[in-house]
>>> print(open('work_27.txt').read())   # compact mmCIF, C-alpha atoms
# COMPACT_ATOMS: atom_id res chain seq x y z
CA MET A 1 0.00 0.00 0.00
CA SER A 2 1.25 3.44 -0.85
CA ASP A 3 1.38 6.35 1.60
CA LYS A 4 1.05 8.74 -1.29
CA SER A 5 -2.23 10.72 -1.15
CA PRO A 6 -3.85 11.94 -4.32
CA PRO A 7 -3.56 15.70 -4.83
CA VAL A 8 -6.35 17.84 -3.44
CA PRO A 9 -8.22 19.62 -6.24
CA SER A 10 -7.56 23.34 -6.27
CA SER A 11 -11.28 23.92 -6.75
CA LEU A 12 -11.89 22.35 -3.33
CA LEU A 13 -9.33 24.66 -1.74
CA LYS A 14 -10.85 27.65 -3.51
CA LEU A 15 -14.27 26.62 -2.21
CA GLU A 16 -12.92 26.59 1.35
CA HIS A 17 -11.35 30.01 0.86
CA LEU A 18 -14.67 31.37 -0.41
CA ARG A 19 -16.53 29.72 2.48
CA ILE A 20 -14.31 31.51 4.97
CA ARG A 21 -14.86 34.84 3.19
CA ASN A 22 -18.60 34.12 3.22
CA ASP A 23 -18.53 33.54 6.99
CA LEU A 24 -16.49 36.71 7.54
CA TYR A 25 -18.89 38.73 5.38
CA PHE A 26 -21.96 37.67 7.33
CA ALA A 27 -20.25 38.10 10.72
CA ALA A 28 -19.11 41.63 9.79
CA ARG A 29 -22.53 42.50 8.39
CA ARG A 30 -24.21 41.34 11.61
CA ALA A 31 -21.73 43.30 13.76
CA LEU A 32 -22.21 46.48 11.71
CA SER A 33 -25.99 46.12 11.86
CA GLU A 34 -25.86 45.72 15.63
CA ARG A 35 -23.63 48.80 15.92
CA ARG A 36 -26.06 50.87 13.84
CA LYS A 37 -28.91 49.73 16.10
CA GLU A 38 -26.91 50.80 19.17
CA LEU A 39 -26.25 54.20 17.62
CA ASN A 40 -29.93 54.63 16.75
CA ASP A 41 -30.88 53.73 20.33
CA GLN A 42 -28.43 56.36 21.60
CA ARG A 43 -29.92 58.93 19.20
CA LYS A 44 -33.39 58.17 20.54
CA PHE A 45 -32.18 58.63 24.12
CA ILE A 46 -30.44 61.92 23.27
CA ARG A 47 -33.56 63.25 21.51
CA GLN A 48 -35.64 62.43 24.58
CA GLU A 49 -33.12 64.18 26.82
CA MET A 50 -33.08 67.20 24.52
CA GLU A 51 -36.86 67.37 24.56
CA THR A 52 -36.91 67.18 28.34
CA ALA A 53 -34.19 69.84 28.69
CA SER A 54 -35.84 72.19 26.21
CA LYS A 55 -39.15 72.03 28.09
CA SER A 56 -37.67 72.93 31.46
CA PHE A 57 -38.84 76.21 32.96
CA SER A 58 -36.96 79.48 33.23
CA GLY A 59 -35.88 81.26 36.34
CA ARG A 60 -33.08 81.58 38.85
CA GLU A 61 -31.95 78.89 41.18
CA LEU A 62 -31.71 80.31 44.65
CA GLU A 63 -29.28 78.92 47.15
CA VAL A 64 -30.72 79.13 50.61
CA GLY A 65 -28.50 80.56 53.29
CA VAL A 66 -29.26 81.12 56.93
CA GLY A 67 -31.99 83.72 56.87
CA ARG A 68 -31.15 85.15 53.41
CA PRO A 69 -31.00 84.11 49.77
CA THR A 70 -27.47 83.79 48.41
CA ASN A 71 -27.97 83.93 44.65
CA LEU A 72 -24.77 85.78 43.91
CA GLY A 73 -23.25 84.36 40.76
CA GLY A 74 -25.44 81.25 40.51
CA LYS A 75 -26.48 79.90 37.12
CA THR A 76 -29.96 80.53 35.91
CA LEU A 77 -32.02 77.57 34.85
CA ASP A 78 -31.86 78.95 31.31
CA GLU A 79 -28.04 78.87 31.41
CA HIS A 80 -28.11 75.35 32.79
CA ARG A 81 -30.60 74.30 30.08
CA ARG A 82 -28.44 75.86 27.32
CA GLU A 83 -25.34 74.08 28.62
CA THR A 84 -27.22 70.79 28.82
CA LEU A 85 -28.58 71.20 25.30
CA ALA A 86 -25.13 72.11 23.97
CA LYS A 87 -23.65 69.01 25.61
CA LEU A 88 -26.41 66.82 24.12
CA GLN A 89 -25.88 68.39 20.69
CA ARG A 90 -22.15 67.59 20.88
CA TRP A 91 -23.01 64.04 21.85
CA MET A 92 -25.44 63.79 18.92
CA ALA A 93 -22.75 65.13 16.55
CA ALA A 94 -20.34 62.47 17.80
CA ILE A 95 -22.97 59.76 17.27
CA ASP A 96 -23.59 61.06 13.73
CA ALA A 97 -19.86 61.04 12.95
CA VAL A 98 -19.44 57.49 14.24
CA ASP A 99 -22.53 56.39 12.32
CA ALA A 100 -21.04 57.80 9.11
CA VAL A 101 -17.96 55.60 9.64
CA VAL A 102 -20.14 52.56 10.31
CA ALA A 103 -22.27 53.30 7.22
CA ALA A 104 -19.16 53.64 5.05
CA SER A 105 -17.87 50.32 6.40
CA TYR A 106 -21.23 48.71 5.64
CA ASP A 107 -21.14 50.09 2.08
CA GLU A 108 -17.57 48.87 1.65
CA LEU A 109 -18.58 45.46 2.93
CA SER A 110 -21.54 45.34 0.54
CA ALA A 111 -19.19 46.09 -2.35
CA SER A 112 -17.23 42.96 -1.47
CA SER A 113 -20.30 40.74 -1.32
CA GLY A 114 -19.36 39.25 -4.69
CA ASP A 115 -17.35 36.62 -2.84
CA VAL A 116 -20.55 35.54 -1.12
CA GLY A 117 -22.27 34.92 -4.43
CA ALA A 118 -19.15 33.21 -5.76
CA TYR A 119 -19.07 30.91 -2.75
CA GLN A 120 -22.71 29.97 -3.11
CA ALA A 121 -22.37 29.32 -6.85
CA ALA A 122 -19.11 27.41 -6.41
CA SER A 123 -20.56 25.44 -3.53
CA GLN A 124 -23.44 24.24 -5.63
CA HIS A 125 -21.21 23.53 -8.62
CA LEU A 126 -18.58 21.67 -6.61
CA GLN A 127 -20.92 19.41 -4.66
CA GLN A 128 -20.08 16.60 -7.04
CA THR A 129 -16.33 17.10 -6.49
CA VAL A 130 -16.84 16.96 -2.74
CA ALA A 131 -18.94 13.83 -3.13
CA ASP A 132 -16.27 12.27 -5.37
CA TRP A 133 -13.76 12.81 -2.59
CA GLY A 134 -16.09 11.15 -0.14
CA LEU A 135 -16.30 14.33 1.93
CA SER A 136 -20.02 15.01 1.61
CA GLN A 137 -22.24 14.16 4.52
>>> encode(input="work_27.txt", output="C-alpha cells")
Amino acid sequence: MSDKSPPVPSSLLKLEHLRIRNDLYFAARRALSERRKELNDQRKFIRQEMETASKSFSGRELEVGVGRPTNLGGKTLDEHRRETLAKLQRWMAAIDAVDAVVAASYDELSASSGDVGAYQAASQHLQQTVADWGLSQ
C-alpha cells in the first residue's frame, strides 16, 4: 500500500477560501448592523433628553443661606438648560460622525459581497467534487 495521497483539487481549496470569506462577510454584516442599532438607540435617548431639557422652565436657582438668599453668581435655569442642550448636541454630533464611519464600512462590505455569491455558486457547482472525494455528509 502506498502512503502517497492523491492531490487535493484546487477547486476544493478555492471553495474553502470562499466559504471563509462568506462567513467573515456575514459576521461583519451582523456586527455592523448591531452597531447601527446601538447608535440609533443612543440617538433616541439623546432626543428624549433634549426634549426634556428644552421644556424645562426658566428662572433663577436660589441657594438658601441662613436667613437670606445667596444667589450671587449662581447659574440661571436657562443657562443650565443651554449648557445641557449644547452638551447633548455635541453628543449627537459624535454619534452622527461614528454612524457615518459605520455606514461607510457597511457600504464597503456590501461592495465585497461578490465573494458571497461566488461561494454559493461554487458550492453548488462543486458538490459533485466533494462527493467524489467522499467528503459530503
>>> closest_residue(input="work_27.txt", among="A:Arg36, A:Arg82, A:Arg30, A:His17", to="Ile95 (chain A)", atoms="all atoms listed in the file")
A:Arg36
>>> atom_distance(input="work_27.txt", atom1="CA of Arg43 (chain A)", atom2="CA of Ala93 (chain A)")
9.8 Å
>>> closest_residue(input="work_27.txt", among="A:Arg21, A:Lys55, A:Lys75, A:Arg90", to="Leu109 (chain A)", atoms="only C-alpha atoms")
A:Arg21
>>> closest_residue(input="work_27.txt", among="A:Ala103, A:Arg47, A:Thr76, A:Ser112", to="Leu88 (chain A)", atoms="all atoms listed in the file")
A:Arg47
>>> closest_residue(input="work_27.txt", among="A:Val102, A:Ala131, A:Ala86, A:Ala94", to="Glu49 (chain A)", atoms="all atoms listed in the file")
A:Ala86
>>> closest_residue(input="work_27.txt", among="A:Gln124, A:Ser105, A:Ala118, A:Lys14", to="Ala28 (chain A)", atoms="all atoms listed in the file")
A:Ser105
>>> closest_residue(input="work_27.txt", among="A:Ala104, A:Gly117, A:Ala122, A:Ala97", to="Leu39 (chain A)", atoms="all atoms listed in the file")
A:Ala97
>>> atom_distance(input="work_27.txt", atom1="CA of Leu12 (chain A)", atom2="CA of Tyr106 (chain A)")
29.4 Å
>>> atom_distance(input="work_27.txt", atom1="CA of Ser54 (chain A)", atom2="CA of Leu85 (chain A)")
7.4 Å
>>> axis_aligned_box(input="work_27.txt", around="region 49-55 of chain A", padding_each_side="6 Å", output="lines of an AutoDock Vina configuration file")
center_x = -36.1
center_y = 68.2
center_z = 26.6
size_x = 18.1
size_y = 20.0
size_z = 16.2
>>> residues_near_point(input="work_27.txt", point="(-17.8, 29.8, 3.5)", cutoff="12 Å", atoms="all atoms listed in the file", output="compact mmCIF listing (two decimals) with C-alpha atoms, in the frame of the given file")
# COMPACT_ATOMS: atom_id res chain seq x y z
CA LEU A 12 -11.89 22.35 -3.33
CA LEU A 13 -9.33 24.66 -1.74
CA LYS A 14 -10.85 27.65 -3.51
CA LEU A 15 -14.27 26.62 -2.21
CA GLU A 16 -12.92 26.59 1.35
CA HIS A 17 -11.35 30.01 0.86
CA LEU A 18 -14.67 31.37 -0.41
CA ARG A 19 -16.53 29.72 2.48
CA ILE A 20 -14.31 31.51 4.97
CA ARG A 21 -14.86 34.84 3.19
CA ASN A 22 -18.60 34.12 3.22
CA ASP A 23 -18.53 33.54 6.99
CA LEU A 24 -16.49 36.71 7.54
CA TYR A 25 -18.89 38.73 5.38
CA PHE A 26 -21.96 37.67 7.33
CA ALA A 27 -20.25 38.10 10.72
CA ASP A 115 -17.35 36.62 -2.84
CA VAL A 116 -20.55 35.54 -1.12
CA GLY A 117 -22.27 34.92 -4.43
CA ALA A 118 -19.15 33.21 -5.76
CA TYR A 119 -19.07 30.91 -2.75
CA GLN A 120 -22.71 29.97 -3.11
CA ALA A 121 -22.37 29.32 -6.85
CA ALA A 122 -19.11 27.41 -6.41
CA SER A 123 -20.56 25.44 -3.53
